[in-house]
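To start, the structure itself, in structure tokens.
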Protein chains: 2
Amino acid sequence: MTRNVRTYDHFCLVSRALERVGDRWTLLVIRDLLTGPNRFSDLADRLGGITPKTLSQRLRELEDAGLVTVDREPGRREVRYRLTPAGTDLAPVVDALGKWGLRHAWRRPRPGEPLHAEHVLRAVTQAAELAGADHRPTRWHFHVDGEDWLVVGDGRGWSLTAGAPTTPVDVTITAATGALAAFLFARSESDVDITGDAGPVRQFRRMADTVAAAVEPA
Amino acid sequence: MTRNVRTYDHFCLVSRALERVGDRWTLLVIRDLLTGPNRFSDLADRLGGITPKTLSQRLRELEDAGLVTVDREPGRREVRYRLTPAGTDLAPVVDALGKWGLRHAWRRPRPGEPLHAEHVLRAVTQAAELAGADHRPTRWHFHVDGEDWLVVGDGRGWSLTAGAPTTPVDVTITAATGALAAFLFARSESDVDITGDAGPVRQFRRMADTVAAAVEPA
DNA sequence: CTGGATCCATGATGATACTG
DNA sequence: CAGTATCATCATGGATCCAG
């Protein structure tokens, strides 16, 4: 049972929000649902280190709070967890944390730290937001370890979605996850293929420069 | 000792950030330092419900992480905790949480829930951000329970600072904390005095309408 | 009086193993 | 695949106490 009913009881919007999503692991579960519905095992994989007990507890709390719905297709064992609109609205919180993390909480990965394409792509999205505001509408297509991702800037903000784009893109980046991470965080160009017109490619590289500048002191 | 060294060990900017500020109470301590340096007892008062042990532990962790500095004036017993620039940079995270809380985590106060002017004013700031983007530069002066506060929108974002303004303002609002909270969250005009030119006053009321619209379903 | 520290009880989390 | 069960450990809440 142990329904987590801990409250702060402040008359404050921030503490109200943290009463819902302030528990350990909760915002990371949200993070890994922001790109689309996921199964229990996929979440457990991305959330390396979470125990099944904690994950199922968090998912139930999020469902009770109306931030997650559970799709159970009858006849199948497969279960898909999906964000509700209220859950999706947490994207700005996750992005604000990522942008702060880029500037102030970077550290080298520990040995054996798992590396997920989705997390690296989310870092790209957050770096693009941080790199600032000359946004014309922009579409970057990533082909990473056989999966397709689309990073879109609409002039006001940037977002990440899973799947191949269905309309033209400005830049296409092909790389393995590790090579892409090295490109972003260590200015390595090895095994990263970037194609597109000169202007958009320059904009993409400027995003990477933002990452390098933020990370270099560390 | 119990230095909290819990990590997530994901290669991800969000989890890096949460390793620093994801513990219970931590972001609320930041929240209550964003308007300026504060003493231990002032923090304990605003953070109603925190135990001294947890507060001193959080402050030490934040100091170790470089987000807070401790001003100990020699000869005086007074200690002031102050955010570093890295700590101040968490303002967007706190604001994103508050904006989400306004839309999705509002609930009526519990009986006896303490009410602090600073928290209500921060809700004003977050509601102004949510109300959107017709921002001309705007300055609202609040006189609440004998204290002065300034809410400034610079066209890109809004901020809250403690103290009386030293240059002209667009709107001046005078009210007790409770009356201001009732104005915001329950459309009560009792004992709230609003002065200023018609345009800026209309803009201020539009912010309050945003709050009412977000809160009414609940 | 401010600025904490100490002790204990309880609740939340981690590790590991196991099951429909 | 999608969890549950059990046990150990750690973090937090509540109360009290203390030093400058």
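If you're wondering about the labels, chains in the structure tokens are A, B, ... by order shown, residues count from 1 in each chain, ligands from 1 in order shown.
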Report the residues of segment 1-191 of chain A whose backbone DSSP state falls under alpha helix (DSSP H), written as a PyMOL selection string.
chain A and resi 13-21+26-31+40-46+52-64+85-88+91-104+117-131+177-186
Counting only C-alpha atoms, a student should be able to say which residues of chain B come within 8 Å of chain A; what is the right answer, written as number ranges by chain?
B: 8-18, 20, 22-24, 28, 47-49, 86, 89-90, 92-102, 104-107, 109-110, 113-116, 119-120, 123
Quick one: residues within 10 Å of DT16 of chain D, only C-alpha atoms (C1' of nucleotides), excluding same-chain residues fewer than 2 positions away - as JSON, numbers by chain?
{"C": [6, 7], "D": [14, 18]}
Output for the residues just chosen: N, CA and C atoms (P, O5', C5', C4', C3', O3' and C1' of nucleotides) as a PDB file, in the first residue's frame:
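To be explicit, this is the file written out as again-v6.pdb:
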```pdb
ATOM      1  P    DT C   6      25.501  15.870  17.215  1.00  0.00           P
ATOM      2  O5'  DT C   6      24.723  15.143  18.417  1.00  0.00           O
ATOM      3  C5'  DT C   6      23.787  15.876  19.173  1.00  0.00           C
ATOM      4  C4'  DT C   6      22.848  14.927  19.909  1.00  0.00           C
ATOM      5  C3'  DT C   6      22.836  13.482  19.421  1.00  0.00           C
ATOM      6  O3'  DT C   6      22.623  12.624  20.527  1.00  0.00           O
ATOM      7  C1'  DT C   6      20.682  14.424  19.140  1.00  0.00           C
ATOM      8  P    DC C   7      22.842  11.017  20.369  1.00  0.00           P
ATOM      9  O5'  DC C   7      21.314  10.552  20.510  1.00  0.00           O
ATOM     10  C5'  DC C   7      20.560  10.921  21.677  1.00  0.00           C
ATOM     11  C4'  DC C   7      19.135  10.411  21.560  1.00  0.00           C
ATOM     12  C3'  DC C   7      19.026   9.002  20.968  1.00  0.00           C
ATOM     13  O3'  DC C   7      18.232   8.183  21.804  1.00  0.00           O
ATOM     14  C1'  DC C   7      17.625  10.539  19.779  1.00  0.00           C
TER      15       DC C   7
ATOM     16  P    DG D  14       6.023  15.649  11.191  1.00  0.00           P
ATOM     17  O5'  DG D  14       6.445  15.352  12.711  1.00  0.00           O
ATOM     18  C5'  DG D  14       6.300  14.046  13.243  1.00  0.00           C
ATOM     19  C4'  DG D  14       6.711  14.059  14.703  1.00  0.00           C
ATOM     20  C3'  DG D  14       6.560  15.415  15.396  1.00  0.00           C
ATOM     21  O3'  DG D  14       5.909  15.239  16.650  1.00  0.00           O
ATOM     22  C1'  DG D  14       8.776  14.632  15.636  1.00  0.00           C
ATOM     23  P    DC D  18      20.426  19.288  27.720  1.00  0.00           P
ATOM     24  O5'  DC D  18      21.460  20.136  26.853  1.00  0.00           O
ATOM     25  C5'  DC D  18      22.100  19.536  25.725  1.00  0.00           C
ATOM     26  C4'  DC D  18      22.809  20.597  24.904  1.00  0.00           C
ATOM     27  C3'  DC D  18      23.394  21.746  25.742  1.00  0.00           C
ATOM     28  O3'  DC D  18      24.687  22.046  25.261  1.00  0.00           O
ATOM     29  C1'  DC D  18      22.058  22.594  24.014  1.00  0.00           C
TER      30       DC D  18
END
```
Between A:His141, A:Arg205, A:Arg136, A:Arg77, which is the closest to DG3 of chain D once you count only C-alpha atoms (C1' of nucleotides)?
A:Arg77
Do you have, as a Markdown table, the list of residues of chain C lying at most 8 Å from segment 8-12 of chain D, each with its nearest atom pair and that distance in Å to one decimal, counting only C-alpha atoms (C1' of nucleotides) and ordered by chain then number?
```
| residue | atom | partner | partner_atom | distance |
| --- | --- | --- | --- | --- |
| C:DG11 | C1' | D:DT12 | C1' | 7.9 |
| C:DA12 | C1' | D:DA11 | C1' | 7.6 |
| C:DT13 | C1' | D:DC10 | C1' | 7.6 |
| C:DG14 | C1' | D:DT9 | C1' | 7.8 |
```
Using only C-alpha atoms (C1' of nucleotides), what does the table of chain D residues within 10 Å of chain A look like, with each row giving the shortest atom pair and its distance in Å to one decimal, sorted by chain and ascending number, as a tab-separated table?
```
residue	atom	partner	partner_atom	distance
D:DC1	C1'	A:Arg77	CA	7.0
D:DA2	C1'	A:Phe40	CA	6.7
D:DG3	C1'	A:Pro52	CA	7.1
D:DT4	C1'	A:Lys53	CA	7.8
D:DA5	C1'	A:Lys53	CA	9.9
```
Please provide as a PyMOL selection string all residues within 8 Å of Asp154 of chain B, with the sequence filter that same-chain residues fewer than 3 positions apart are discarded (counting only C-alpha atoms (C1' of nucleotides)).
chain B and resi 135-138+157-158
Got time to write the residues from that selection, C-alpha atoms, as a PDB file, in the first residue's frame?
```pdb
ATOM      1  CA  HIS B 135       4.726  41.827 -22.554  1.00  0.00           C
ATOM      2  CA  ARG B 136       5.647  45.366 -22.743  1.00  0.00           C
ATOM      3  CA  PRO B 137       8.033  46.012 -19.882  1.00  0.00           C
ATOM      4  CA  THR B 138       5.817  46.074 -16.803  1.00  0.00           C
ATOM      5  CA  GLY B 157       9.978  36.729 -18.437  1.00  0.00           C
ATOM      6  CA  TRP B 158       8.836  37.835 -15.022  1.00  0.00           C
TER       7      TRP B 158
END
```
Could you make a table, as JSON lines, of the residues of chain C that have an atom within 10 Å of an atom of chain B, each with its nearest atom pair and distance in Å to one decimal, counting only C-alpha atoms (C1' of nucleotides), in chain and number order?
```
{"residue": "C:DT2", "atom": "C1'", "partner": "B:Ser41", "partner_atom": "CA", "distance": 7.4}
{"residue": "C:DG3", "atom": "C1'", "partner": "B:Phe40", "partner_atom": "CA", "distance": 7.0}
{"residue": "C:DG4", "atom": "C1'", "partner": "B:Pro52", "partner_atom": "CA", "distance": 7.2}
{"residue": "C:DA5", "atom": "C1'", "partner": "B:Lys53", "partner_atom": "CA", "distance": 7.7}
{"residue": "C:DT6", "atom": "C1'", "partner": "B:Lys53", "partner_atom": "CA", "distance": 9.6}
```
Those same residues - all heavy atoms - I'd like them written as a CSV table (one decimal), in the first residue's frame.
```csv
chain,number,residue,atom,x,y,z
C,2,DT,P,14.6,34.2,17.2
C,2,DT,OP1,14.0,35.1,16.2
C,2,DT,OP2,14.0,33.0,17.6
C,2,DT,O5',16.1,33.9,16.8
C,2,DT,C5',17.0,34.9,16.4
C,2,DT,C4',18.4,34.3,16.2
C,2,DT,O4',18.8,33.5,17.4
C,2,DT,C3',18.5,33.3,15.0
C,2,DT,O3',19.7,33.5,14.3
C,2,DT,C2',18.5,31.9,15.7
C,2,DT,C1',19.2,32.2,17.0
C,2,DT,N1,18.9,31.3,18.2
C,2,DT,C2,19.9,30.7,18.8
C,2,DT,O2,21.1,30.8,18.5
C,2,DT,N3,19.5,29.9,19.9
C,2,DT,C4,18.2,29.7,20.3
C,2,DT,O4,18.0,28.9,21.3
C,2,DT,C5,17.2,30.4,19.6
C,2,DT,C7,15.8,30.3,20.0
C,2,DT,C6,17.6,31.2,18.6
C,3,DG,P,20.0,32.7,12.9
C,3,DG,OP1,20.9,33.6,12.2
C,3,DG,OP2,18.7,32.4,12.3
C,3,DG,O5',20.7,31.4,13.3
C,3,DG,C5',22.0,31.4,13.9
C,3,DG,C4',22.4,30.0,14.2
C,3,DG,O4',21.7,29.5,15.3
C,3,DG,C3',22.1,29.0,13.1
C,3,DG,O3',23.3,28.1,12.9
C,3,DG,C2',20.9,28.2,13.6
C,3,DG,C1',21.3,28.2,15.1
C,3,DG,N9,20.1,27.9,16.0
C,3,DG,C8,18.8,28.2,15.8
C,3,DG,N7,18.1,27.8,16.8
C,3,DG,C5,18.9,27.2,17.7
C,3,DG,C6,18.7,26.6,18.9
C,3,DG,O6,17.6,26.4,19.5
C,3,DG,N1,19.9,26.1,19.4
C,3,DG,C2,21.1,26.2,18.9
C,3,DG,N2,22.1,25.6,19.6
C,3,DG,N3,21.4,26.8,17.7
C,3,DG,C4,20.2,27.3,17.2
C,4,DG,P,23.4,27.3,11.6
C,4,DG,OP1,24.7,26.5,11.7
C,4,DG,OP2,23.2,28.2,10.5
C,4,DG,O5',22.2,26.3,11.6
C,4,DG,C5',22.4,24.9,11.8
C,4,DG,C4',22.6,24.6,13.3
C,4,DG,O4',21.5,25.1,14.1
C,4,DG,C3',22.7,23.1,13.6
C,4,DG,O3',24.0,22.7,13.5
C,4,DG,C2',22.2,23.0,15.0
C,4,DG,C1',21.5,24.4,15.3
C,4,DG,N9,20.1,24.2,15.7
C,4,DG,C8,19.0,24.7,15.1
C,4,DG,N7,17.9,24.5,15.7
C,4,DG,C5,18.3,23.8,16.9
C,4,DG,C6,17.6,23.3,18.0
C,4,DG,O6,16.3,23.3,18.1
C,4,DG,N1,18.4,22.7,18.9
C,4,DG,C2,19.7,22.6,18.8
C,4,DG,N2,20.3,22.0,19.8
C,4,DG,N3,20.4,23.1,17.8
C,4,DG,C4,19.7,23.7,16.9
C,5,DA,P,24.3,21.2,13.1
C,5,DA,OP1,25.7,21.1,12.7
C,5,DA,OP2,23.3,20.7,12.3
C,5,DA,O5',24.1,20.4,14.5
C,5,DA,C5',25.0,20.6,15.6
C,5,DA,C4',24.7,19.7,16.8
C,5,DA,O4',23.3,20.0,17.2
C,5,DA,C3',24.6,18.2,16.4
C,5,DA,O3',25.2,17.4,17.5
C,5,DA,C2',23.1,18.0,16.2
C,5,DA,C1',22.5,18.9,17.2
C,5,DA,N9,21.2,19.4,16.8
C,5,DA,C8,20.8,20.0,15.7
C,5,DA,N7,19.6,20.3,15.6
C,5,DA,C5,19.0,19.8,16.8
C,5,DA,C6,17.7,19.8,17.3
C,5,DA,N6,16.7,20.3,16.6
C,5,DA,N1,17.5,19.2,18.5
C,5,DA,C2,18.6,18.6,19.1
C,5,DA,N3,19.8,18.6,18.7
C,5,DA,C4,20.0,19.2,17.5
C,6,DT,P,25.5,15.9,17.2
C,6,DT,OP1,26.9,15.7,17.4
C,6,DT,OP2,24.9,15.5,15.9
C,6,DT,O5',24.7,15.1,18.4
C,6,DT,C5',23.8,15.9,19.2
C,6,DT,C4',22.8,14.9,19.9
C,6,DT,O4',21.5,15.4,19.7
C,6,DT,C3',22.8,13.5,19.4
C,6,DT,O3',22.6,12.6,20.5
C,6,DT,C2',21.6,13.4,18.5
C,6,DT,C1',20.7,14.4,19.1
C,6,DT,N1,19.8,15.1,18.2
C,6,DT,C2,18.4,15.3,18.5
C,6,DT,O2,18.0,14.9,19.6
C,6,DT,N3,17.7,15.9,17.6
C,6,DT,C4,18.1,16.4,16.3
C,6,DT,O4,17.3,16.9,15.6
C,6,DT,C5,19.5,16.1,16.0
C,6,DT,C7,20.0,16.6,14.7
C,6,DT,C6,20.2,15.5,17.0
```
